[in-house]
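Data from target-v1.txt: compact mmCIF, C-alpha atoms
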# COMPACT_ATOMS: atom_id res chain seq x y z
CA MET E 1 -14.17 40.56 -3.41
CA ASN E 2 -15.99 39.27 -0.32
CA ASP E 3 -17.77 36.75 -2.47
CA GLU E 4 -14.44 35.58 -3.88
CA LEU E 5 -12.99 35.30 -0.40
CA SER E 6 -16.01 33.41 0.76
CA THR E 7 -15.76 31.00 -2.18
CA ALA E 8 -12.07 30.49 -1.44
CA GLN E 9 -12.88 29.68 2.18
CA TRP E 10 -15.78 27.46 1.17
CA VAL E 11 -13.59 25.48 -1.21
CA SER E 12 -10.75 25.34 1.27
CA ARG E 13 -13.11 23.86 3.87
CA ARG E 14 -14.29 21.21 1.39
CA MET E 15 -10.72 20.34 0.43
CA GLN E 16 -9.64 20.01 4.05
CA VAL E 17 -11.51 16.73 4.38
CA LEU E 18 -9.00 15.21 1.99
CA ASP E 19 -6.07 15.66 4.36
CA PRO E 20 -4.72 12.23 5.24
CA ASP E 21 -4.59 11.06 8.84
CA GLU E 22 -1.73 12.55 10.79
CA VAL E 23 -0.93 9.07 12.03
CA TRP E 24 -0.35 7.87 8.49
CA HIS E 25 3.25 8.14 7.40
CA PRO E 26 4.32 6.99 3.96
CA LYS E 27 6.96 4.28 4.11
CA THR E 28 9.86 6.31 2.78
CA ALA E 29 12.52 3.66 3.29
CA ALA E 30 10.46 0.98 1.57
CA ALA E 31 9.70 3.22 -1.39
CA LEU E 32 13.34 4.17 -1.79
CA ALA E 33 14.39 0.53 -1.60
CA LYS E 34 11.94 -0.33 -4.37
CA LEU E 35 13.21 2.51 -6.55
CA ARG E 36 16.82 1.45 -6.00
CA TRP E 37 15.90 -2.08 -6.95
CA ARG E 38 14.09 -0.84 -10.04
CA ASP E 39 17.10 1.24 -10.97
CA SER E 40 19.48 -1.65 -10.53
CA LYS E 41 17.21 -3.76 -12.73
CA ARG E 42 17.23 -1.06 -15.39
CA ARG E 43 21.01 -0.79 -15.28
CA THR E 44 21.31 -4.54 -15.65
CA TRP E 45 18.98 -4.43 -18.62
CA ARG E 46 21.09 -1.79 -20.35
CA ARG E 47 24.40 -3.56 -20.20
CA GLY E 48 24.23 -4.49 -23.87
CA TRP E 49 23.77 -7.58 -25.87
CA VAL E 50 27.40 -8.69 -25.75
CA TRP E 51 27.39 -8.74 -21.99
CA SER E 52 23.97 -10.39 -21.98
CA PHE E 53 25.18 -13.00 -24.39
CA ALA E 54 28.15 -13.74 -22.19
CA THR E 55 25.93 -14.02 -19.13
CA THR E 56 23.47 -16.24 -20.93
CA ALA E 57 26.27 -18.46 -22.11
CA ALA E 58 27.66 -18.65 -18.59
CA CYS E 59 24.22 -19.49 -17.19
CA ALA E 60 23.73 -22.15 -19.83
CA ALA E 61 27.06 -23.66 -18.89
CA VAL E 62 26.08 -23.63 -15.23
CA LEU E 63 22.70 -25.20 -15.91
CA LEU E 64 24.20 -27.93 -18.05
CA GLY E 65 27.21 -28.70 -15.93
CA VAL E 66 26.39 -27.98 -12.31
CA PRO E 67 23.78 -29.69 -10.16
CA ALA E 68 20.87 -27.59 -8.91
CA PRO E 69 21.67 -25.66 -5.73
CA ALA E 70 20.26 -27.07 -2.53
CA LYS E 71 18.81 -23.77 -1.44
CA CYS E 72 15.74 -22.33 -3.08
CA ALA E 73 16.15 -19.61 -5.63
CA ILE E 74 14.22 -16.38 -5.71
CA ALA E 75 10.70 -17.55 -5.10
CA GLY E 76 11.59 -20.41 -2.84
CA VAL E 77 9.55 -22.97 -4.73
CA GLY E 78 10.41 -25.54 -7.28
CA CYS E 79 13.35 -26.79 -5.21
CA LYS E 80 14.76 -30.18 -5.80
CA GLY E 81 15.76 -32.61 -3.17
CA LEU E 82 13.20 -31.75 -0.54
CA ALA E 83 11.90 -34.65 1.47
CA PRO E 84 8.31 -35.62 0.68
CA ALA E 85 8.27 -37.81 3.79
CA VAL E 86 8.68 -34.67 5.88
CA ALA E 87 5.63 -33.13 4.24
CA ALA E 88 3.57 -36.20 4.94
CA SER E 89 4.67 -36.16 8.54
CA ALA E 90 3.88 -32.46 8.79
CA GLY E 91 0.39 -33.10 7.48
CA SER E 92 -0.30 -35.66 10.15
CA HIS E 93 0.49 -33.15 12.89
CA ALA E 94 -1.27 -30.22 11.25
CA ILE E 95 -2.88 -27.67 13.54
CA ALA E 96 -6.37 -27.07 12.21
CA ASN E 97 -7.19 -23.65 13.64
CA TYR E 98 -3.81 -21.97 13.44
CA LYS E 99 -5.35 -18.83 11.94
CA GLU E 100 -7.36 -18.19 15.08
CA SER E 101 -6.18 -16.75 18.35
CA GLY E 102 -7.83 -15.66 21.56
CA SER E 103 -10.56 -17.21 23.63
CA PRO E 104 -13.25 -19.13 21.71
CA THR E 105 -15.78 -17.67 24.15
CA ALA E 106 -14.71 -14.05 23.61
CA PRO E 107 -17.79 -11.86 23.02
CA VAL E 108 -16.36 -10.21 19.90
CA THR E 109 -14.56 -11.84 17.00
CA ILE E 110 -12.63 -9.86 14.44
CA GLU E 111 -11.76 -11.33 11.07
CA ILE E 112 -8.77 -9.62 9.46
CA PHE E 113 -8.65 -9.91 5.67
CA SER E 114 -5.12 -9.07 4.65
CA ASP E 115 -2.59 -9.41 1.86
CA TYR E 116 1.06 -9.98 2.74
CA GLU E 117 2.26 -7.53 0.10
CA CYS E 118 -0.15 -4.78 1.08
CA PRO E 119 1.77 -1.91 2.76
CA ALA E 120 -1.31 -0.82 4.71
CA CYS E 121 -1.67 -4.34 6.10
CA ALA E 122 2.00 -4.29 7.09
CA HIS E 123 1.45 -0.98 8.85
CA PHE E 124 -1.52 -2.39 10.71
CA PHE E 125 0.18 -5.61 11.76
CA THR E 126 3.43 -4.00 12.83
CA ASN E 127 2.13 -0.81 14.45
CA VAL E 128 -1.40 -1.46 15.68
CA PHE E 129 -2.03 -5.17 16.08
CA PRO E 130 0.60 -6.02 18.75
CA GLN E 131 -0.88 -3.59 21.28
CA PHE E 132 -4.41 -4.57 20.33
CA GLU E 133 -3.50 -8.21 20.86
CA ASP E 134 -2.06 -7.48 24.31
CA GLU E 135 -5.09 -5.50 25.44
CA TYR E 136 -7.95 -7.42 23.87
CA VAL E 137 -6.95 -10.84 22.57
CA LYS E 138 -4.74 -12.07 25.40
CA THR E 139 -7.27 -10.81 27.93
CA GLY E 140 -10.08 -12.88 26.40
CA LYS E 141 -12.17 -9.99 25.15
CA VAL E 142 -11.66 -10.58 21.44
CA ARG E 143 -11.01 -13.59 19.27
CA VAL E 144 -9.02 -12.98 16.08
CA VAL E 145 -9.32 -14.87 12.82
CA HIS E 146 -6.79 -14.21 10.07
CA ARG E 147 -8.14 -14.43 6.56
CA ASP E 148 -6.01 -14.45 3.42
CA PHE E 149 -7.01 -11.97 0.73
CA PRO E 150 -4.12 -12.05 -1.77
CA LEU E 151 -4.69 -9.32 -4.35
CA SER E 152 -4.04 -10.07 -7.99
CA GLN E 153 -1.67 -7.12 -8.45
CA HIS E 154 0.73 -8.53 -5.85
CA PRO E 155 2.82 -11.25 -7.46
CA TYR E 156 4.19 -12.82 -4.27
CA SER E 157 1.33 -12.54 -1.81
CA ARG E 158 -0.08 -16.00 -2.57
CA LEU E 159 3.35 -17.50 -2.14
CA ALA E 160 3.74 -15.67 1.15
CA ALA E 161 0.36 -17.03 2.25
CA ARG E 162 1.50 -20.56 1.44
CA TYR E 163 4.58 -20.10 3.61
CA ALA E 164 2.55 -18.65 6.47
CA ASN E 165 -0.07 -21.37 6.28
CA ALA E 166 2.55 -24.11 6.09
CA ALA E 167 4.26 -22.63 9.14
CA GLY E 168 0.85 -22.36 10.79
CA GLN E 169 0.25 -26.06 10.47
CA LEU E 170 3.53 -26.59 12.27
CA GLY E 171 2.72 -24.18 15.10
CA HIS E 172 4.61 -21.10 13.87
CA TYR E 173 1.87 -19.07 12.22
CA ASN E 174 2.17 -15.85 14.22
CA ASP E 175 5.97 -15.81 13.98
CA VAL E 176 5.84 -16.03 10.20
CA VAL E 177 2.96 -13.59 9.79
CA MET E 178 4.79 -10.93 11.79
CA GLN E 179 8.06 -11.66 10.00
CA LEU E 180 6.44 -11.31 6.58
CA PHE E 181 4.76 -8.04 7.45
CA SER E 182 7.73 -6.52 9.26
CA HIS E 183 10.15 -7.41 6.42
CA GLN E 184 7.70 -6.84 3.57
CA PRO E 185 9.84 -4.31 1.63
CA GLU E 186 12.75 -6.73 1.35
CA TRP E 187 10.99 -9.87 0.15
CA ALA E 188 8.34 -8.03 -1.85
CA ALA E 189 11.10 -6.37 -3.88
CA THR E 190 12.76 -9.66 -4.81
CA GLY E 191 10.15 -12.34 -4.29
CA ASN E 192 12.47 -14.14 -1.91
CA VAL E 193 9.84 -15.09 0.64
CA ASP E 194 11.85 -18.14 1.55
CA ALA E 195 14.78 -16.15 2.90
CA ALA E 196 12.53 -13.95 5.01
CA VAL E 197 10.71 -16.91 6.55
CA ALA E 198 13.92 -18.83 7.15
CA GLN E 199 15.05 -16.11 9.55
CA VAL E 200 12.38 -17.00 12.12
CA LEU E 201 12.03 -20.75 11.85
CA PRO E 202 14.30 -23.50 13.17
CA PRO E 203 16.14 -25.17 10.25
CA ALA E 204 14.26 -28.46 10.56
CA THR E 205 10.90 -26.70 10.60
CA MET E 206 11.97 -24.59 7.64
CA GLN E 207 12.70 -27.75 5.68
CA GLN E 208 9.21 -29.01 6.45
CA VAL E 209 7.71 -25.69 5.43
CA ARG E 210 9.59 -25.73 2.13
CA ALA E 211 8.37 -29.21 1.39
CA MET E 212 4.80 -28.22 2.12
CA VAL E 213 5.02 -25.02 0.07
CA GLU E 214 6.35 -27.00 -2.84
CA LYS E 215 4.06 -29.99 -2.80
CA ASP E 216 1.12 -29.81 -0.41
CA PRO E 217 -1.96 -29.50 -2.62
CA LYS E 218 -4.19 -28.70 0.36
CA LEU E 219 -2.15 -25.74 1.52
CA ASP E 220 -4.34 -23.29 -0.37
CA ASP E 221 -7.60 -24.68 0.99
CA THR E 222 -7.93 -22.03 3.69
CA VAL E 223 -7.00 -19.32 1.18
CA MET E 224 -9.76 -20.50 -1.12
CA SER E 225 -12.31 -20.60 1.68
CA ASP E 226 -11.22 -17.11 2.78
CA LEU E 227 -11.58 -15.87 -0.80
CA ALA E 228 -15.06 -17.37 -0.94
CA ILE E 229 -15.99 -15.12 1.99
CA VAL E 230 -14.36 -12.18 0.20
CA ALA E 231 -16.53 -12.83 -2.85
CA LYS E 232 -19.68 -13.42 -0.83
CA GLU E 233 -19.26 -10.23 1.18
CA GLN E 234 -17.96 -8.25 -1.81
CA LEU E 235 -14.81 -7.12 -0.06
CA ASN E 236 -12.49 -5.11 -2.28
CA GLN E 237 -9.72 -3.72 -0.13
CA THR E 238 -7.03 -4.84 2.26
CA PRO E 239 -6.94 -4.72 5.13
CA THR E 240 -10.63 -5.18 5.79
CA ILE E 241 -11.69 -5.98 9.31
CA VAL E 242 -15.02 -7.63 9.99
CA PHE E 243 -16.32 -7.36 13.54
CA VAL E 244 -18.59 -10.23 14.49
CA TYR E 245 -20.82 -9.67 17.48
CA LYS E 246 -24.04 -11.46 18.36
CA GLY E 247 -24.22 -12.84 14.85
CA ASN E 248 -23.89 -9.43 13.17
CA ARG E 249 -21.01 -8.68 10.84
CA ARG E 250 -19.71 -5.10 10.59
CA LYS E 251 -17.09 -4.22 8.03
CA VAL E 252 -14.29 -1.65 8.29
CA THR E 253 -11.97 -1.10 5.35
CA GLY E 254 -8.46 0.26 5.54
CA PRO E 255 -6.01 0.10 8.43
CA PRO E 256 -7.76 1.34 11.58
CA THR E 257 -5.89 2.97 14.40
CA LEU E 258 -5.93 1.36 17.82
CA ALA E 259 -8.35 4.04 18.99
CA ILE E 260 -10.79 3.21 16.21
CA LEU E 261 -10.62 -0.50 16.97
CA LYS E 262 -11.28 0.25 20.62
CA SER E 263 -14.22 2.49 19.80
CA PHE E 264 -15.88 -0.17 17.67
CA ILE E 265 -15.42 -2.87 20.31
CA SER E 266 -16.54 -0.62 23.15
CA GLU E 267 -19.65 0.27 21.21
CA MET E 268 -20.48 -3.37 20.55
CA LEU E 269 -19.89 -4.45 24.11
CA ALA E 270 -22.08 -1.60 25.35
CA GLN E 271 -25.04 -2.79 23.26
CA MET H 1 43.93 5.86 -13.52
CA GLU H 2 40.29 6.42 -14.08
CA THR H 3 38.60 3.98 -16.39
CA LEU H 4 35.59 4.73 -18.52
CA SER H 5 33.45 2.34 -16.50
CA GLY H 6 34.75 3.98 -13.32
CA THR H 7 33.66 7.39 -14.58
CA VAL H 8 30.23 6.09 -15.53
CA GLU H 9 29.81 4.44 -12.13
CA ALA H 10 30.92 7.59 -10.32
CA SER H 11 28.48 9.64 -12.34
CA ALA H 12 25.69 7.17 -11.57
CA ALA H 13 26.58 7.33 -7.88
CA ASP H 14 26.43 11.15 -7.93
CA GLU H 15 23.10 10.99 -9.71
CA GLN H 16 21.78 8.57 -7.10
CA THR H 17 23.00 10.71 -4.20
CA GLY H 18 21.34 13.79 -5.67
CA PHE H 19 18.14 11.90 -6.28
CA GLU H 20 18.03 10.47 -2.77
CA SER H 21 18.48 13.89 -1.26
CA VAL H 22 15.42 15.15 -3.20
CA PHE H 23 13.57 11.95 -2.36
CA HIS H 24 14.07 12.30 1.39
CA ARG H 25 13.09 15.96 1.27
CA HIS H 26 9.85 15.54 -0.67
CA TYR H 27 8.62 11.94 -0.71
CA GLU H 28 6.39 12.08 2.34
CA SER H 29 4.73 15.36 1.38
CA VAL H 30 4.18 14.22 -2.21
CA ALA H 31 2.68 10.94 -0.98
CA ARG H 32 0.36 12.86 1.33
CA ALA H 33 -0.64 15.14 -1.55
CA VAL H 34 -1.57 12.07 -3.59
CA ALA H 35 -3.41 10.54 -0.64
CA ARG H 36 -5.72 13.54 -0.70
CA ILE H 37 -6.85 12.50 -4.16
CA VAL H 38 -6.88 8.70 -4.16
CA ARG H 39 -8.66 6.79 -1.43
CA ASP H 40 -6.13 4.05 -0.85
CA THR H 41 -2.93 5.01 0.96
CA ALA H 42 -1.10 2.06 -0.59
CA ARG H 43 -2.09 3.29 -4.04
CA ALA H 44 -0.99 6.79 -3.03
CA GLU H 45 2.44 5.45 -2.22
CA GLU H 46 2.61 3.61 -5.55
CA ILE H 47 1.80 6.81 -7.43
CA ALA H 48 4.28 8.81 -5.37
CA ALA H 49 7.00 6.24 -6.05
CA GLU H 50 6.18 6.25 -9.76
CA THR H 51 6.48 10.04 -9.76
CA PHE H 52 9.93 9.87 -8.22
CA TRP H 53 10.93 7.19 -10.68
CA LYS H 54 10.00 9.52 -13.56
CA PHE H 55 11.91 12.29 -11.84
CA TRP H 56 14.99 10.11 -11.46
CA ARG H 57 14.89 9.17 -15.12
CA ASN H 58 14.55 12.79 -16.21
CA PRO H 59 17.78 14.63 -15.35
CA LYS H 60 16.62 17.82 -17.08
CA VAL H 61 13.92 18.26 -14.46
CA SER H 62 16.26 17.71 -11.54
CA GLU H 63 18.57 20.39 -12.93
CA SER H 64 15.75 22.85 -13.64
CA GLY H 65 15.50 24.29 -10.10
CA PHE H 66 11.78 23.50 -9.89
CA ALA H 67 12.02 19.94 -8.68
CA ALA H 68 9.33 20.30 -6.01
CA ALA H 69 6.87 21.95 -8.36
CA TRP H 70 7.46 19.28 -11.00
CA LEU H 71 7.03 16.48 -8.45
CA TYR H 72 3.73 17.86 -7.16
CA LYS H 73 2.41 18.55 -10.62
CA THR H 74 3.29 15.08 -11.92
CA ALA H 75 2.03 13.28 -8.83
CA ILE H 76 -1.23 15.20 -8.79
CA ARG H 77 -1.75 14.65 -12.50
CA MET H 78 -1.23 10.92 -12.13
CA ALA H 79 -3.49 10.82 -9.09
CA LEU H 80 -6.23 12.71 -10.92
CA ASP H 81 -5.98 10.29 -13.83
CA ASP H 82 -6.33 7.47 -11.34
CA LEU H 83 -9.28 9.19 -9.68
CA LYS H 84 -11.07 9.77 -12.98
CA LYS H 85 -10.75 6.06 -13.75
CA GLU H 86 -12.23 5.27 -10.35
CA ALA H 87 -14.92 7.93 -10.48
CA ARG H 88 -17.58 5.80 -12.11
CA ARG H 89 -17.07 3.04 -9.58
CA LEU H 90 -17.04 5.58 -6.76
CA ARG H 91 -20.41 6.87 -7.85
CA ARG H 92 -21.85 3.39 -8.03
CA GLU H 93 -20.50 2.05 -4.80
CA SER H 94 -20.75 3.25 -1.29
CA VAL H 95 -17.46 2.06 0.04
CA GLN H 96 -15.94 3.26 3.24
CA ALA H 97 -12.70 5.09 2.84
CA ASN H 98 -9.54 3.68 4.32
CA ARG H 99 -9.28 6.46 6.85
CA LEU H 100 -11.52 6.75 9.81
CA PRO H 101 -11.42 9.74 12.12
CA ALA H 102 -11.42 8.91 15.80
CA GLN H 103 -15.11 9.66 16.31
CA THR H 104 -18.17 7.47 16.23
CA PRO H 105 -18.49 4.98 13.40
CA GLU H 106 -21.34 7.09 12.03
CA ASP H 107 -19.11 10.21 11.93
CA ALA H 108 -16.48 8.17 10.20
CA HIS H 109 -18.97 7.15 7.56
CA ALA H 110 -20.17 10.75 7.07
CA ALA H 111 -16.59 11.95 6.71
CA ALA H 112 -15.88 9.21 4.18
CA GLU H 113 -18.93 10.25 2.17
CA GLU H 114 -17.80 13.87 2.16
CA ARG H 115 -14.34 12.84 0.95
CA ASN H 116 -15.92 10.84 -1.86
CA ARG H 117 -18.02 13.85 -2.85
CA VAL H 118 -15.02 16.18 -2.99
CA ARG H 119 -13.07 13.65 -5.01
CA LEU H 120 -15.91 13.14 -7.45
CA VAL H 121 -16.25 16.88 -7.95
CA LEU H 122 -12.51 17.16 -8.57
CA ALA H 123 -12.74 14.30 -11.05
CA SER H 124 -15.52 16.05 -12.94
CA LEU H 125 -13.71 19.41 -13.20
CA ASP H 126 -11.48 20.41 -16.05
CA SER H 127 -8.10 18.76 -15.31
CA ARG H 128 -6.23 22.06 -15.25
CA GLN H 129 -8.65 23.52 -12.70
CA ALA H 130 -8.39 20.43 -10.49
CA GLU H 131 -4.60 20.62 -10.69
CA LEU H 132 -4.64 24.30 -9.72
CA LEU H 133 -6.81 23.63 -6.68
CA LEU H 134 -4.77 20.65 -5.53
CA LEU H 135 -1.41 22.33 -6.02
CA ARG H 136 -2.60 25.36 -4.11
CA ASN H 137 -4.11 23.09 -1.46
CA ASN H 138 -0.63 21.63 -0.97
CA ASP H 139 0.65 25.06 -0.02
CA LEU H 140 2.58 25.74 -3.19
CA SER H 141 3.16 29.43 -3.80
CA TYR H 142 1.73 31.14 -6.87
CA ALA H 143 5.23 31.14 -8.38
CA GLU H 144 5.59 27.40 -7.81
CA VAL H 145 2.13 26.70 -9.22
CA ALA H 146 3.00 28.82 -12.26
CA ALA H 147 6.26 26.94 -12.75
CA ALA H 148 4.57 23.56 -12.36
CA LEU H 149 1.81 24.28 -14.86
CA ASP H 150 3.78 26.55 -17.14
CA LEU H 151 1.57 29.58 -16.49
CA ASN H 152 2.17 33.28 -16.22
CA PRO H 153 2.64 33.92 -12.47
CA ALA H 154 0.54 37.08 -12.75
CA SER H 155 -2.52 35.10 -13.88
CA VAL H 156 -2.32 32.27 -11.34
CA GLY H 157 -4.48 34.04 -8.75
CA THR H 158 -7.24 34.67 -11.29
CA LEU H 159 -7.13 31.10 -12.55
CA ILE H 160 -7.29 29.69 -9.03
CA GLY H 161 -10.27 31.95 -8.30
CA ARG H 162 -12.06 30.61 -11.37
CA ALA H 163 -11.20 27.05 -10.42
CA GLN H 164 -12.66 27.61 -6.95
CA GLN H 165 -15.86 29.00 -8.42
CA ALA H 166 -16.11 26.06 -10.80
CA PHE H 167 -15.56 23.65 -7.90
CA ARG H 168 -18.24 25.27 -5.77
CA LYS H 169 -20.72 25.39 -8.64
CA GLU H 170 -20.15 21.74 -9.49
CA TYR H 171 -20.37 20.65 -5.85
CA VAL H 172 -23.62 22.51 -5.28
CA ASN H 173 -25.05 21.21 -8.56
CA GLN H 174 -24.33 17.64 -7.55
CA TYR H 175 -24.99 17.67 -3.81
CA GLY H 176 -26.50 21.03 -2.86
CA GLU H 177 -25.12 23.32 -0.18
CA PRO H 178 -23.79 21.41 2.83
CA LYS H 179 -26.42 21.39 5.58
CA TYR H 180 -24.05 22.27 8.38
CA GLU H 181 -22.98 25.61 6.93
Take the structure in the file and give it back as C-alpha cells.
Amino acid sequence: MNDELSTAQWVSRRMQVLDPDEVWHPKTAAALAKLRWRDSKRRTWRRGWVWSFATTAACAAVLLGVPAPAKCAIAGVGCKGLAPAVAASAGSHAIANYKESGSPTAPVTIEIFSDYECPACAHFFTNVFPQFEDEYVKTGKVRVVHRDFPLSQHPYSRLAARYANAAGQLGHYNDVVMQLFSHQPEWAATGNVDAAVAQVLPPATMQQVRAMVEKDPKLDDTVMSDLAIVAKEQLNQTPTIVFVYKGNRRKVTGPPTLAILKSFISEMLAQ
Amino acid sequence: METLSGTVEASAADEQTGFESVFHRHYESVARAVARIVRDTARAEEIAAETFWKFWRNPKVSESGFAAAWLYKTAIRMALDDLKKEARRLRRESVQANRLPAQTPEDAHAAAEERNRVRLVLASLDSRQAELLLLRNNDLSYAEVAAALDLNPASVGTLIGRAQQAFRKEYVNQYGEPKYE
C-alpha cells in the first residue's frame, strides 16, 4: 500500500512538470471565432447543388458583366487598377533598415523570428514586447531586429509579411506589425490581410502598399535572407529569439515572459 | 408563421448557443490539458479547437451528460497521437521547450529536458495507460475517467495504479531514478 502510494506520488511529481505556465492563457475568443467561421463555411457548403448552381450562375453573370471591384478581394492581391508609378516612387524612398529599432550601439541585440499567423508570436508582441521595448529598446540597452519566419502551415503569413515589409519601406513597419499581431484572429480566419492593414495606414500610403504587395519583386528579399538564417541556424519554431552579445548568439524558443527576457539580458550584461 | 428555414435556423442558433456555453466553460482547461502533452502552445490550441469542433458536430455527445469527460478524452487522445508522431524527433533533437520557468537559463533548460523525458515516457506507454494518467492528472474523478474511457468505475483505481507503475518502470528504464530524489 505504501509502495503504491509512493509510486503515485512519484508519478504525480513527474507529471507536474508538464503543467503549462500560469501566465499562458489559451486565446478563447480567437478559437471560438475560428470555429464559428468553420461552421459557417460548413453550412454554406451544405446548401445543396441547386443553390450552388444559382450562386455560380450569379457569379458568372457578375464576372462577365461587371467590371472588377476597385477594392481588393479576400487576399488583397491581384487587384487591378493599382498605380505602378506609385510603386516605383515608393521604391525610391525605401527605408533600408526598417526591421531594426533601438540604438545601433546597444550592447545587446535581439533578433525575433516570428510568423504573423503564429498565436504565440501574437501573444508575445501584444503582451510582452511593448513593455520590453519601453524599458530596453527606447533606453538604448537593446537593439531589436525583426526576422520573418513564415511557417508553411500558415497560408497567409507570407502575404502578411509582404504587407508589413511594404509598409516598412514607407516608414510604417511597427504600426503594421502591431496591427497584424493584435488583429490576427480576424484576418487569419479570412485571409483579408488588406483590410486589417488598411485600418492603420493613411489611404495614400495604403495605395502604395497595395501596389508594392502586388508587384514589387524585391519585397520578399528580406524574407528570403531571414529564412536563410533560419536554415543555417536550424530554427524550427516561432517565436524564436536570438540574443546577440559580444559576437555570441544564444537561442530561446517559444514566447518568453518579460521576466525571462530581463534575466537573459541581465546575465549577458553582467558577464 | 414559422417557415421551415426559420425552424432550421432557430435550431441551429440553439445548437450554437449550447455549444458556446460548453466552449466557454471548458476550452481553457482542455487547452491546458493538451499543453501538458504537446510542447507547442499554439499546437495545443489547434488540438483543443479541433476537439471542440468534433464535439460540436456530434450532438449525441453533447446530450450524453458527459461532455467534459468526452472533451478531455478526445483532446488527450489527439494530443497523444501528436506526441507519438513527434517522439522520434524529440529523441533525436535537443530542442528547448516553449516554456521557460523564471529561473536561470540553465534551470530552464533542465526543466525542458525533464518535460521531454516525461512526454517520451508517456509516448512509449500503452495508449490506454497514458490516457488514464493524463485524465487523472487533469483532476477528473474516477467516475469521469470511467465515463470517458468506457470503463467500470470500480476498476479505475486499479488501472490507474498499474498505469503509474508502468510509467515509473519505463521512466527508470530509460533515464534511471532522478538524482534529486
What are the residues of chain E lining chain H at 6 Å or less? Count all atoms listed in the file, and put the answer as an mmCIF file with C-alpha atoms, keeping the file's coordinate frame.
data_model
loop_
_atom_site.group_PDB
_atom_site.id
_atom_site.type_symbol
_atom_site.label_atom_id
_atom_site.label_comp_id
_atom_site.auth_asym_id
_atom_site.auth_seq_id
_atom_site.Cartn_x
_atom_site.Cartn_y
_atom_site.Cartn_z
ATOM 1 C CA VAL E 17 -11.510 16.730 4.380
ATOM 2 C CA LEU E 18 -9.000 15.210 1.990
ATOM 3 C CA ASP E 19 -6.070 15.660 4.360
ATOM 4 C CA PRO E 26 4.320 6.990 3.960
ATOM 5 C CA PRO E 119 1.770 -1.910 2.760
ATOM 6 C CA THR E 253 -11.970 -1.100 5.350
ATOM 7 C CA GLY E 254 -8.460 0.260 5.540
ATOM 8 C CA ILE E 260 -10.790 3.210 16.210
#
Quiz item: Could you pull the residues within 6 Å of segment 152-157 of chain E, counting all atoms listed in the file, minus those fewer than 3 positions along the same chain, as JSON, numbers by chain?
Solution: {"E": [116, 117, 160, 191]}
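Nearest residue to Phe55 of chain H, choosing from E:Gln237, E:Val197, E:Leu35, E:Met15 and counting only C-alpha atoms: E:Leu35.
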Quiz item: Mind pulling up the distance from atom CA of Leu159 of chain H to atom CA of Gln174 of chain H?
Solution: 22.4 Å
Quiz item: Quick one: residues within 12 Å of Lys262 of chain E, only C-alpha atoms counted, chain neighbours fewer than 3 positions away excluded, as a list in words?
Solution: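 In the requested form, the answer reads Val108, Ile110, Val128, Phe129, Gln131, Phe132, Glu133, Glu135, Tyr136, Lys141, Val142, Phe243, Pro256, Thr257, Leu258, Ala259, Ile265, Ser266, Glu267, Met268, Leu269 and Ala270 of chain E; Ala102, Gln103, Thr104 and Pro105 of chain H.
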Quiz item: Separation of atom CA of Gly140 of chain E and atom CA of Ser101 of chain E, in Å?
Solution: 9.7 Å
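With distances restricted to only C-alpha atoms, H:Ala69 is the closest residue to Asp150 of chain H from H:Ala69, H:Val121, H:Ala110, H:Met78.
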Self-check item: Å distance separating atom CA of Ser182 of chain E from atom CA of Thr109 of chain E, one decimal place
Solution: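 Computing it gives 24.2 Å between the two atoms.
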